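A.B. asks: My structure is stored as start_14.csv, with CSV, C-alpha atoms.
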```
chain,number,residue,atom,x,y,z
A,1075,MET,CA,-9.8,12.4,22.3
A,1076,SER,CA,-9.5,15.9,20.9
A,1077,LYS,CA,-9.0,16.4,17.2
A,1078,PRO,CA,-6.3,14.0,15.9
A,1079,VAL,CA,-3.1,15.8,15.0
A,1080,ASN,CA,-1.0,12.9,13.6
A,1081,ILE,CA,-1.3,9.4,12.3
A,1082,GLU,CA,-0.7,7.8,15.7
A,1083,ASP,CA,-3.8,9.7,17.0
A,1084,TYR,CA,-5.8,8.1,14.2
A,1085,ARG,CA,-4.4,4.7,15.1
A,1086,ALA,CA,-5.6,5.1,18.6
A,1087,LEU,CA,-9.1,6.0,17.4
A,1088,ALA,CA,-9.2,3.1,15.0
A,1089,ARG,CA,-8.2,0.7,17.8
A,1090,ARG,CA,-11.0,2.1,20.0
A,1091,ARG,CA,-13.7,1.7,17.3
A,1092,LEU,CA,-12.7,-1.7,15.8
A,1093,PRO,CA,-13.2,-5.1,17.5
A,1094,LYS,CA,-9.9,-6.6,18.5
A,1095,MET,CA,-9.9,-9.3,15.8
A,1096,VAL,CA,-10.4,-6.6,13.1
A,1097,PHE,CA,-7.8,-4.2,14.5
A,1098,ASP,CA,-5.4,-7.1,14.8
A,1099,TYR,CA,-5.9,-7.9,11.1
A,1100,LEU,CA,-5.2,-4.2,10.2
A,1101,GLU,CA,-2.2,-3.9,12.6
A,1102,GLY,CA,-0.6,-7.3,12.6
A,1103,GLY,CA,2.4,-8.8,10.8
A,1104,ALA,CA,4.0,-12.2,10.2
A,1105,GLU,CA,5.2,-14.4,13.1
A,1106,ASP,CA,7.1,-12.4,15.7
A,1107,GLU,CA,6.4,-9.1,13.9
A,1108,THR,CA,10.0,-7.9,14.0
A,1109,GLY,CA,9.5,-6.6,10.5
A,1110,LEU,CA,6.9,-4.2,11.7
A,1111,ALA,CA,9.2,-2.5,14.1
A,1112,HIS,CA,12.1,-2.6,11.6
A,1113,ASN,CA,10.1,-0.8,8.9
A,1114,ARG,CA,9.8,2.2,11.3
A,1115,GLU,CA,13.3,2.0,12.7
A,1116,VAL,CA,15.1,2.4,9.4
A,1117,PHE,CA,13.3,5.8,8.9
A,1118,GLN,CA,14.3,6.9,12.4
A,1119,ARG,CA,18.0,6.0,11.8
A,1120,VAL,CA,18.2,8.3,8.8
A,1121,ARG,CA,18.7,12.0,9.7
A,1122,LEU,CA,17.9,15.2,7.7
A,1123,ARG,CA,20.5,17.9,6.8
A,1124,SER,CA,19.1,21.3,6.2
A,1125,ARG,CA,20.3,24.1,3.9
A,1126,ARG,CA,20.0,27.7,5.3
A,1127,LEU,CA,19.3,31.1,3.8
A,1128,VAL,CA,17.1,29.6,1.1
A,1129,ASP,CA,13.9,31.3,0.1
A,1130,VAL,CA,11.2,28.8,1.1
A,1131,SER,CA,8.3,31.3,1.2
A,1132,LYS,CA,6.6,29.3,-1.6
A,1133,ARG,CA,6.7,25.6,-1.5
A,1134,ASP,CA,5.5,22.9,-3.9
A,1135,SER,CA,4.8,19.3,-2.9
A,1136,SER,CA,3.6,18.1,-6.3
A,1137,ILE,CA,5.4,15.8,-8.7
A,1138,THR,CA,5.0,14.6,-12.2
A,1139,LEU,CA,4.2,10.9,-12.4
A,1140,PHE,CA,3.7,9.1,-15.7
A,1141,ASP,CA,3.0,12.4,-17.5
A,1142,ARG,CA,0.4,13.4,-14.9
A,1143,ARG,CA,0.8,16.0,-12.2
A,1144,ILE,CA,-0.1,14.7,-8.7
A,1145,SER,CA,-0.4,16.9,-5.6
A,1146,ALA,CA,2.1,15.1,-3.5
A,1147,PRO,CA,4.5,12.0,-3.8
A,1148,LEU,CA,1.8,9.8,-2.3
A,1149,LEU,CA,-0.3,6.9,-3.5
A,1150,ILE,CA,-2.9,4.9,-1.5
A,1151,ALA,CA,-1.6,1.4,-1.4
A,1152,PRO,CA,-3.7,-1.7,-2.3
A,1153,THR,CA,-5.1,-3.2,0.8
A,1154,GLY,CA,-7.6,-6.1,1.2
A,1155,LEU,CA,-10.8,-6.4,3.1
A,1156,ASN,CA,-11.3,-2.7,3.6
A,1157,GLY,CA,-15.0,-3.2,4.0
A,1158,SER,CA,-14.3,-4.7,7.4
A,1159,PHE,CA,-13.0,-1.4,8.6
A,1160,TRP,CA,-15.8,0.8,7.1
A,1161,PRO,CA,-18.7,0.2,4.8
A,1162,LYS,CA,-17.6,0.6,1.1
A,1163,GLY,CA,-14.1,1.2,2.4
A,1164,ASP,CA,-12.5,0.8,-1.0
A,1165,ILE,CA,-14.8,3.5,-2.5
A,1166,ALA,CA,-14.1,5.8,0.4
A,1167,LEU,CA,-10.3,5.5,-0.1
A,1168,ALA,CA,-10.6,6.0,-3.9
A,1169,ARG,CA,-12.8,9.1,-3.6
A,1170,SER,CA,-10.5,10.6,-1.0
A,1171,ALA,CA,-7.5,10.0,-3.3
A,1172,ALA,CA,-9.3,11.6,-6.2
A,1173,ARG,CA,-10.0,14.7,-4.1
A,1174,PHE,CA,-6.4,15.0,-3.2
A,1175,GLY,CA,-5.2,14.4,-6.7
A,1176,ILE,CA,-3.2,11.2,-6.1
A,1177,PRO,CA,-3.6,7.6,-7.5
A,1178,PHE,CA,-5.6,4.9,-5.7
A,1179,LEU,CA,-4.6,1.3,-6.0
A,1180,LEU,CA,-7.4,-1.2,-5.7
A,1181,SER,CA,-6.5,-4.6,-4.3
A,1182,THR,CA,-7.6,-7.9,-6.0
A,1183,ALA,CA,-8.9,-8.8,-2.5
A,1184,SER,CA,-11.2,-5.7,-2.3
A,1185,ASN,CA,-14.7,-5.7,-1.0
A,1186,SER,CA,-15.9,-3.5,-3.8
A,1187,SER,CA,-15.5,-4.7,-7.4
A,1188,ILE,CA,-13.3,-3.2,-10.1
A,1189,GLU,CA,-16.3,-1.8,-11.8
A,1190,GLU,CA,-18.0,-0.5,-8.7
A,1191,VAL,CA,-15.0,1.6,-7.7
A,1192,ALA,CA,-14.6,2.9,-11.2
A,1193,GLU,CA,-18.3,4.0,-11.2
A,1194,HIS,CA,-18.1,5.8,-7.9
A,1195,ALA,CA,-14.6,7.4,-8.0
A,1196,ASP,CA,-13.3,9.5,-10.9
A,1197,GLY,CA,-9.6,9.8,-10.0
A,1198,ASP,CA,-6.5,8.0,-11.3
A,1199,LEU,CA,-7.3,4.3,-10.6
A,1200,TRP,CA,-4.6,1.6,-10.5
A,1201,PHE,CA,-5.4,-2.1,-10.1
A,1202,GLN,CA,-3.2,-4.5,-8.1
A,1203,LEU,CA,-3.1,-8.1,-9.3
A,1204,TYR,CA,-2.7,-11.2,-7.3
A,1205,VAL,CA,-2.3,-14.3,-9.5
A,1206,VAL,CA,-4.5,-17.0,-8.0
A,1207,HIS,CA,-5.1,-18.7,-11.3
A,1208,ARG,CA,-4.0,-17.6,-14.8
A,1209,LYS,CA,-7.5,-17.6,-16.3
A,1210,LEU,CA,-8.8,-15.5,-13.5
A,1211,ALA,CA,-5.8,-13.1,-13.7
A,1212,GLU,CA,-6.5,-12.6,-17.3
A,1213,GLN,CA,-10.2,-11.9,-16.5
A,1214,PHE,CA,-9.2,-9.3,-13.9
A,1215,VAL,CA,-6.8,-7.6,-16.4
A,1216,ARG,CA,-9.5,-7.3,-19.0
A,1217,ARG,CA,-12.0,-6.0,-16.5
A,1218,ALA,CA,-9.5,-3.3,-15.2
A,1219,MET,CA,-8.8,-2.3,-18.8
A,1220,ASP,CA,-12.5,-2.0,-19.7
A,1221,ALA,CA,-13.2,0.0,-16.5
A,1222,GLY,CA,-10.5,2.5,-17.4
A,1223,TYR,CA,-7.7,1.8,-14.9
A,1224,SER,CA,-4.5,3.4,-16.0
A,1225,THR,CA,-2.0,1.2,-14.3
A,1226,LEU,CA,-1.6,-2.5,-13.4
A,1227,VAL,CA,0.5,-3.4,-10.4
A,1228,LEU,CA,1.6,-7.1,-10.2
A,1229,THR,CA,2.3,-8.2,-6.6
A,1230,VAL,CA,5.0,-10.9,-6.5
A,1231,ASP,CA,5.8,-11.4,-2.8
A,1232,VAL,CA,2.9,-13.7,-1.9
A,1233,ALA,CA,3.9,-17.1,-3.2
A,1234,VAL,CA,2.2,-18.4,0.0
A,1235,ASN,CA,0.3,-16.5,2.6
A,1236,GLY,CA,2.4,-15.2,5.5
A,1237,LYS,CA,1.9,-16.8,8.9
A,1238,ARG,CA,-0.1,-14.0,10.7
A,1239,GLU,CA,-0.4,-15.4,14.1
A,1240,ARG,CA,-2.8,-12.7,15.4
A,1241,ASP,CA,-5.3,-13.7,12.7
A,1242,ILE,CA,-4.8,-17.4,13.4
A,1243,ARG,CA,-5.5,-16.9,17.2
A,1244,ASN,CA,-8.5,-14.7,16.5
A,1245,GLY,CA,-9.9,-16.9,13.8
A,1246,PHE,CA,-10.1,-14.0,11.4
A,1247,GLU,CA,-11.1,-14.9,7.9
A,1248,MET,CA,-13.5,-13.9,5.1
A,1249,PRO,CA,-16.4,-14.5,5.4
A,1250,MET,CA,-16.3,-13.9,9.1
A,1251,HIS,CA,-17.4,-16.7,11.4
A,1252,TYR,CA,-19.2,-15.9,14.6
A,1253,GLY,CA,-18.1,-17.6,17.8
A,1254,PHE,CA,-18.6,-16.6,21.4
A,1255,ARG,CA,-15.5,-14.4,21.5
A,1256,THR,CA,-16.5,-12.7,18.2
A,1257,LEU,CA,-19.9,-11.9,19.6
A,1258,ILE,CA,-18.5,-10.4,22.8
A,1259,ASP,CA,-16.0,-8.4,20.8
A,1260,GLY,CA,-18.8,-7.0,18.7
A,1261,VAL,CA,-21.0,-6.2,21.6
A,1262,THR,CA,-18.2,-4.2,23.2
A,1263,HIS,CA,-17.6,-2.2,20.0
A,1264,PRO,CA,-21.2,-1.2,19.2
A,1265,ARG,CA,-20.5,1.5,16.6
A,1266,TRP,CA,-18.6,-0.9,14.4
A,1267,SER,CA,-21.2,-3.7,15.0
A,1268,MET,CA,-24.2,-1.5,14.1
A,1269,SER,CA,-22.5,-0.4,10.9
A,1270,TYR,CA,-21.6,-4.0,10.0
A,1271,LEU,CA,-25.2,-5.2,10.6
A,1272,ARG,CA,-26.7,-2.3,8.7
A,1273,HIS,CA,-24.5,-2.8,5.6
A,1274,GLY,CA,-24.1,-6.5,5.6
A,1275,MET,CA,-21.1,-8.9,5.5
A,1276,PRO,CA,-18.3,-7.8,3.2
A,1277,GLN,CA,-17.3,-10.2,0.5
A,1278,LEU,CA,-14.4,-10.6,-2.0
A,1279,ALA,CA,-16.3,-8.7,-4.7
A,1280,ASN,CA,-13.9,-9.3,-7.6
A,1281,PHE,CA,-14.3,-13.0,-7.2
A,1282,VAL,CA,-18.1,-13.2,-7.2
A,1283,SER,CA,-18.5,-13.1,-11.0
A,1284,ALA,CA,-15.9,-15.8,-11.7
A,1285,ASP,CA,-17.0,-18.6,-14.0
A,1286,ALA,CA,-19.0,-21.0,-11.7
A,1287,GLY,CA,-18.9,-23.7,-14.4
A,1288,ASP,CA,-15.1,-23.8,-14.4
A,1289,THR,CA,-14.3,-26.4,-11.7
A,1290,GLU,CA,-10.6,-25.8,-11.8
A,1291,LEU,CA,-11.1,-22.1,-11.4
A,1292,GLN,CA,-13.6,-22.6,-8.5
A,1293,ALA,CA,-11.2,-24.9,-6.8
A,1294,ALA,CA,-8.5,-22.2,-6.9
A,1295,LEU,CA,-10.9,-19.7,-5.5
A,1296,MET,CA,-11.9,-21.9,-2.7
A,1297,SER,CA,-8.3,-22.5,-1.6
A,1298,ARG,CA,-7.4,-18.8,-2.0
A,1299,GLN,CA,-3.8,-19.8,-2.6
A,1300,MET,CA,-1.6,-17.8,-4.9
A,1301,ASP,CA,-0.1,-19.4,-8.0
A,1302,ALA,CA,3.4,-20.2,-6.7
A,1303,THR,CA,4.6,-21.1,-10.2
A,1304,PHE,CA,4.4,-17.5,-11.5
A,1305,SER,CA,7.8,-16.6,-12.8
A,1306,TRP,CA,9.7,-14.2,-15.0
A,1307,GLU,CA,8.3,-15.8,-18.2
A,1308,ASP,CA,4.8,-15.1,-16.9
A,1309,LEU,CA,5.7,-11.5,-16.4
A,1310,LYS,CA,6.4,-11.4,-20.1
A,1311,TRP,CA,2.9,-12.8,-20.7
A,1312,LEU,CA,1.4,-10.2,-18.5
A,1313,ARG,CA,3.2,-7.4,-20.3
A,1314,GLN,CA,1.8,-8.7,-23.6
A,1315,ILE,CA,-1.9,-8.6,-22.5
A,1316,TRP,CA,-1.7,-5.2,-20.6
A,1317,PRO,CA,-0.9,-2.3,-22.9
A,1318,ARG,CA,-0.9,0.4,-20.3
A,1319,LYS,CA,1.5,1.2,-17.4
A,1320,LEU,CA,2.8,-1.9,-15.6
A,1321,LEU,CA,4.5,-2.0,-12.2
A,1322,VAL,CA,6.0,-4.9,-10.3
A,1323,LYS,CA,5.4,-4.8,-6.5
A,1324,GLY,CA,7.1,-6.7,-3.7
A,1325,LEU,CA,10.8,-6.6,-4.7
A,1326,SER,CA,13.7,-6.4,-2.3
A,1327,ARG,CA,16.7,-6.4,-4.6
A,1328,TRP,CA,17.9,-3.9,-7.2
A,1329,GLN,CA,18.8,-6.8,-9.5
A,1330,ASP,CA,15.2,-7.9,-9.6
A,1331,ALA,CA,14.1,-4.3,-10.3
A,1332,GLU,CA,16.4,-4.1,-13.3
A,1333,ARG,CA,15.2,-7.4,-14.6
A,1334,SER,CA,11.6,-6.3,-14.2
A,1335,VAL,CA,12.3,-3.2,-16.2
A,1336,ALA,CA,14.1,-5.2,-18.9
A,1337,LEU,CA,11.0,-7.3,-19.3
A,1338,GLY,CA,8.8,-4.3,-19.8
A,1339,ALA,CA,7.8,-2.9,-16.4
A,1340,ASP,CA,7.4,0.8,-16.3
A,1341,GLY,CA,8.4,1.0,-12.7
A,1342,VAL,CA,8.9,-1.1,-9.5
A,1343,ILE,CA,7.7,-1.0,-5.9
A,1344,PHE,CA,10.1,-2.1,-3.2
A,1345,SER,CA,7.9,-3.6,-0.5
A,1346,ASN,CA,7.9,-6.2,2.3
A,1347,HIS,CA,4.1,-6.2,2.4
A,1348,GLY,CA,4.1,-4.1,5.5
A,1349,GLY,CA,5.8,-6.8,7.4
A,1350,ARG,CA,2.9,-9.2,6.8
A,1351,GLN,CA,4.6,-11.8,4.7
A,1352,LEU,CA,8.2,-12.7,5.6
A,1353,ASP,CA,9.2,-11.7,9.2
A,1354,GLY,CA,12.7,-10.4,9.3
A,1355,ALA,CA,12.7,-9.2,5.7
A,1356,VAL,CA,14.7,-6.2,4.8
A,1357,ALA,CA,12.8,-2.9,4.9
A,1358,PRO,CA,12.0,-1.2,1.5
A,1359,PHE,CA,13.5,2.1,2.7
A,1360,GLU,CA,16.7,0.1,3.5
A,1361,VAL,CA,16.8,-1.3,-0.1
A,1362,LEU,CA,16.2,2.2,-1.5
A,1363,CYS,CA,19.1,3.7,0.4
A,1364,SER,CA,21.4,0.9,-0.5
A,1365,SER,CA,22.0,2.0,-4.1
A,1366,GLU,CA,21.2,4.7,-6.6
A,1367,ASN,CA,18.4,4.0,-9.0
A,1368,THR,CA,19.9,2.1,-11.9
A,1369,THR,CA,16.6,1.3,-13.7
A,1370,HIS,CA,15.9,5.0,-14.7
A,1371,ARG,CA,12.2,4.2,-14.2
A,1372,PRO,CA,10.0,5.3,-11.3
A,1373,VAL,CA,10.8,3.5,-8.0
A,1374,PHE,CA,8.3,3.5,-5.2
A,1375,ILE,CA,8.4,2.1,-1.6
A,1376,ASP,CA,5.8,1.3,1.1
A,1377,SER,CA,5.9,0.0,4.6
A,1378,GLY,CA,6.4,1.9,7.9
A,1379,ILE,CA,5.5,5.4,6.6
A,1380,ARG,CA,3.8,7.4,9.3
A,1381,ARG,CA,5.1,10.9,8.9
A,1382,GLY,CA,5.5,13.5,6.2
A,1383,SER,CA,9.2,13.5,7.1
A,1384,ASP,CA,9.3,9.8,6.2
A,1385,VAL,CA,8.0,10.7,2.7
A,1386,VAL,CA,10.6,13.4,2.3
A,1387,LYS,CA,13.4,11.0,3.3
A,1388,ALA,CA,12.1,8.4,0.9
A,1389,VAL,CA,12.0,10.9,-2.0
A,1390,ALA,CA,15.4,12.3,-1.1
A,1391,ALA,CA,16.8,8.8,-1.2
A,1392,GLY,CA,15.5,8.2,-4.7
A,1393,ALA,CA,11.9,7.2,-4.5
A,1394,THR,CA,9.5,8.8,-6.9
A,1395,ALA,CA,6.6,8.5,-4.4
A,1396,VAL,CA,5.5,6.3,-1.5
A,1397,LEU,CA,2.4,4.1,-0.9
A,1398,LEU,CA,0.4,4.7,2.2
A,1399,GLY,CA,-1.2,1.5,3.7
A,1400,ARG,CA,-1.9,1.4,7.4
A,1401,ALA,CA,-1.8,5.2,7.7
A,1402,THR,CA,-4.9,5.8,5.5
A,1403,LEU,CA,-6.6,2.7,6.9
A,1404,TYR,CA,-6.3,4.1,10.4
A,1405,GLY,CA,-8.2,7.2,9.1
A,1406,LEU,CA,-10.8,5.0,7.4
A,1407,ALA,CA,-11.4,2.8,10.4
A,1408,ALA,CA,-11.7,5.8,12.7
A,1409,ALA,CA,-13.9,8.1,10.7
A,1410,GLY,CA,-14.5,6.7,7.2
A,1411,GLU,CA,-13.9,9.0,4.2
A,1412,ARG,CA,-13.5,12.0,6.4
A,1413,GLY,CA,-10.8,10.2,8.3
A,1414,VAL,CA,-8.9,9.4,5.1
A,1415,ASP,CA,-9.2,13.0,4.0
A,1416,ASP,CA,-7.7,14.1,7.3
A,1417,VAL,CA,-4.8,11.6,7.2
A,1418,LEU,CA,-3.9,12.8,3.7
A,1419,ALA,CA,-4.1,16.4,4.8
A,1420,ILE,CA,-1.9,15.7,7.8
A,1421,MET,CA,0.7,14.0,5.6
A,1422,LYS,CA,0.7,16.9,3.1
A,1423,ASP,CA,1.1,19.4,5.8
A,1424,GLU,CA,4.0,17.5,7.4
A,1425,ILE,CA,5.7,17.2,4.0
A,1426,ASP,CA,5.3,21.0,3.4
A,1427,ARG,CA,6.7,21.8,6.9
A,1428,THR,CA,9.6,19.4,6.4
A,1429,LEU,CA,10.5,21.0,3.0
A,1430,ALA,CA,10.5,24.5,4.7
A,1431,GLN,CA,12.7,23.3,7.5
A,1432,LEU,CA,15.1,21.6,5.1
A,1433,GLY,CA,15.5,24.7,3.0
A,1434,CYS,CA,14.2,22.9,-0.1
A,1435,PRO,CA,11.2,24.6,-1.7
A,1436,THR,CA,10.1,21.7,-3.9
A,1437,VAL,CA,9.7,18.0,-3.5
A,1438,GLU,CA,11.4,17.6,-7.0
A,1439,GLY,CA,14.4,19.4,-5.6
A,1440,LEU,CA,15.1,16.7,-3.0
A,1441,SER,CA,18.3,14.7,-3.2
A,1442,ARG,CA,20.5,12.5,-1.0
A,1443,ASP,CA,22.4,15.7,-0.1
A,1444,TYR,CA,19.6,16.3,2.4
A,1445,LEU,CA,20.1,13.0,4.2
A,1446,ALA,CA,22.7,11.7,6.7
A,1447,LEU,CA,22.8,7.9,5.9
A,1448,PRO,CA,24.3,5.6,8.5
A,1449,GLY,CA,27.0,3.0,7.5
A,1450,SER,CA,27.9,4.1,4.0
A,1451,ALA,CA,29.3,0.8,2.7
A,1452,SER,CA,28.2,-2.0,5.0
A,1453,ALA,CA,28.0,-5.6,3.9
A,1454,LEU,CA,24.2,-5.4,4.2
A,1455,GLN,CA,24.1,-2.5,1.7
A,1456,GLN,CA,26.4,-4.4,-0.7
A,1457,GLU,CA,24.1,-7.5,-0.5
A,1458,LEU,CA,21.0,-5.4,-1.1
A,1459,ALA,CA,22.5,-3.8,-4.2
A,1460,GLN,CA,22.8,-7.2,-5.8
```
Just dump the structure as structure tokens.

C.D. replies:
Amino acid sequence: MSKPVNIEDYRALARRRLPKMVFDYLEGGAEDETGLAHNREVFQRVRLRSRRLVDVSKRDSSITLFDRRISAPLLIAPTGLNGSFWPKGDIALARSAARFGIPFLLSTASNSSIEEVAEHADGDLWFQLYVVHRKLAEQFVRRAMDAGYSTLVLTVDVAVNGKRERDIRNGFEMPMHYGFRTLIDGVTHPRWSMSYLRHGMPQLANFVSADAGDTELQAALMSRQMDATFSWEDLKWLRQIWPRKLLVKGLSRWQDAERSVALGADGVIFSNHGGRQLDGAVAPFEVLCSSENTTHRPVFIDSGIRRGSDVVKAVAAGATAVLLGRATLYGLAAAGERGVDDVLAIMKDEIDRTLAQLGCPTVEGLSRDYLALPGSASALQQELAQ
């Protein structure tokens, strides 16, 4: 393939380089995967309305986020097991984000530890928290604080793990198990296999230092099940032990966004986990379009974002910024840190071109006036606004 020109080109390169089971982990969703398609469809249904005879000779894609200027309304989303796509994948993503002047969110399920990423990347680091066990969650929070992470992101949409049928069929899990099919898959993808053999098996680095003498904690780690009892009262507890910026991720109702802010959250992230948890879930962009922001705090979305025009649509609809998940992972899986750089450059270029075509010289000047939203008052929109 010639030089990639869009995210889909990087997806094709990632598919070519990765063994099937690893690409399926990156690409797959829950059950019938209708949510994957829906996340893209909602962006395609919203059209753009341009203004003409506007001076767009100079354009600015930057925004102010939590008193910091970032180069574009982009964040790199928290994604797990990035070391299975590229050695030290978490560090590669964080370093690329720092170069582009945007935040990087490190997943609890990362293959590089909280401390290791902070040591090797000097950008704005955020930590995403899965609550597997309260004691362990508190340890993670303290470690992120000590390592200088500016923002904590609590993920609340994984009470149980989604049924990802591709992973079940492939036997994909961490640590990886080697069967005949796995070995054949590796042999037919030699670039990935040689890299994997040279750098060793990825592990869940943040869990390695957990207290081995605490049998209850070790049992929780072995089961790798989320704490399904975590509730609004526990959000209050988390707010008390984390003094910096706090976001709640995984919401799909404005009512829950308002309640999160009332309990001390500094912002919210509408997310359906990239279609990987509940199949048939409403798309985050759909939720965003269903109502004006009533929280008066930053609102972010993820899931299904593949074009700079998707980013522009999201910001025009009321998002402060968007989180890139699979898009940057395609770049990582295809070409490592250089691939992530290229994906971000493509996104920023497409944002800039879309602004020029819209007749809007700045991202901060976007509004719903630039959008043609379908079905202004449907029953679905009314439900989502609840």

A.B. asks: Counting only C-alpha atoms, which residue out of A:Thr1153, A:Ser1305, A:Gln1213, A:Ser1383 sits closest to Ser1181 in chain A?

C.D. replies: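 Among the listed residues, the smallest separation from Ser1181 in chain A belongs to A:Thr1153.
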
A.B. asks: Write out as JSON lines the residues of range 1116-1186 of chain A that have any atom within 10 Å of an atom of range 1224-1241 of chain A, one row each with the nearest atom pair and its distance in Å to one decimal, counting only C-alpha atoms, sorted by chain and then rising number.

C.D. replies:
```
{"residue": "A:Phe1140", "atom": "CA", "partner": "A:Thr1225", "partner_atom": "CA", "distance": 9.8}
{"residue": "A:Pro1152", "atom": "CA", "partner": "A:Val1227", "partner_atom": "CA", "distance": 9.3}
{"residue": "A:Pro1177", "atom": "CA", "partner": "A:Thr1225", "partner_atom": "CA", "distance": 9.5}
{"residue": "A:Leu1179", "atom": "CA", "partner": "A:Val1227", "partner_atom": "CA", "distance": 8.2}
{"residue": "A:Leu1180", "atom": "CA", "partner": "A:Val1227", "partner_atom": "CA", "distance": 9.5}
{"residue": "A:Ser1181", "atom": "CA", "partner": "A:Val1227", "partner_atom": "CA", "distance": 9.4}
{"residue": "A:Thr1182", "atom": "CA", "partner": "A:Thr1229", "partner_atom": "CA", "distance": 9.9}
```

A.B. asks: At a cut-off of 6 Å, using only C-alpha atoms, what residues contact range 1422-1433 of chain A? Leave out same-chain residues fewer than 5 positions from it and give the result as a list of chain:residue names.

C.D. replies: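 Using only C-alpha atoms, the neighbours found are A:Ser1124, A:Arg1125, A:Arg1126, A:Val1128, A:Val1130, A:Gly1382, A:Ser1383.
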
A.B. asks: Here is a test: counting only C-alpha atoms, which residue of A:Ala1407, A:Ala1211, A:Ile1150, A:Val1205 is nearest to Thr1303 in chain A?

C.D. replies: A:Val1205

A.B. asks: Distance CA of Ser1187 in chain A-CA of Trp1311 in chain A, one decimal place?

C.D. replies: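 According to the coordinates, CA of Ser1187 in chain A and CA of Trp1311 in chain A are separated by 24.1 Å.
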
A.B. asks: So how far away is CA of Gln1329 in chain A from CA of Ser1365 in chain A, in Å?

C.D. replies: 10.8 Å

A.B. asks: Got a sec: who's within 6 Å of range 1078-1095 of chain A, counting only C-alpha atoms, leaving out chain neighbours fewer than 4 positions off, as JSON, numbers by chain?

C.D. replies: {"A": [1244, 1259, 1263, 1404, 1405, 1407, 1408]}
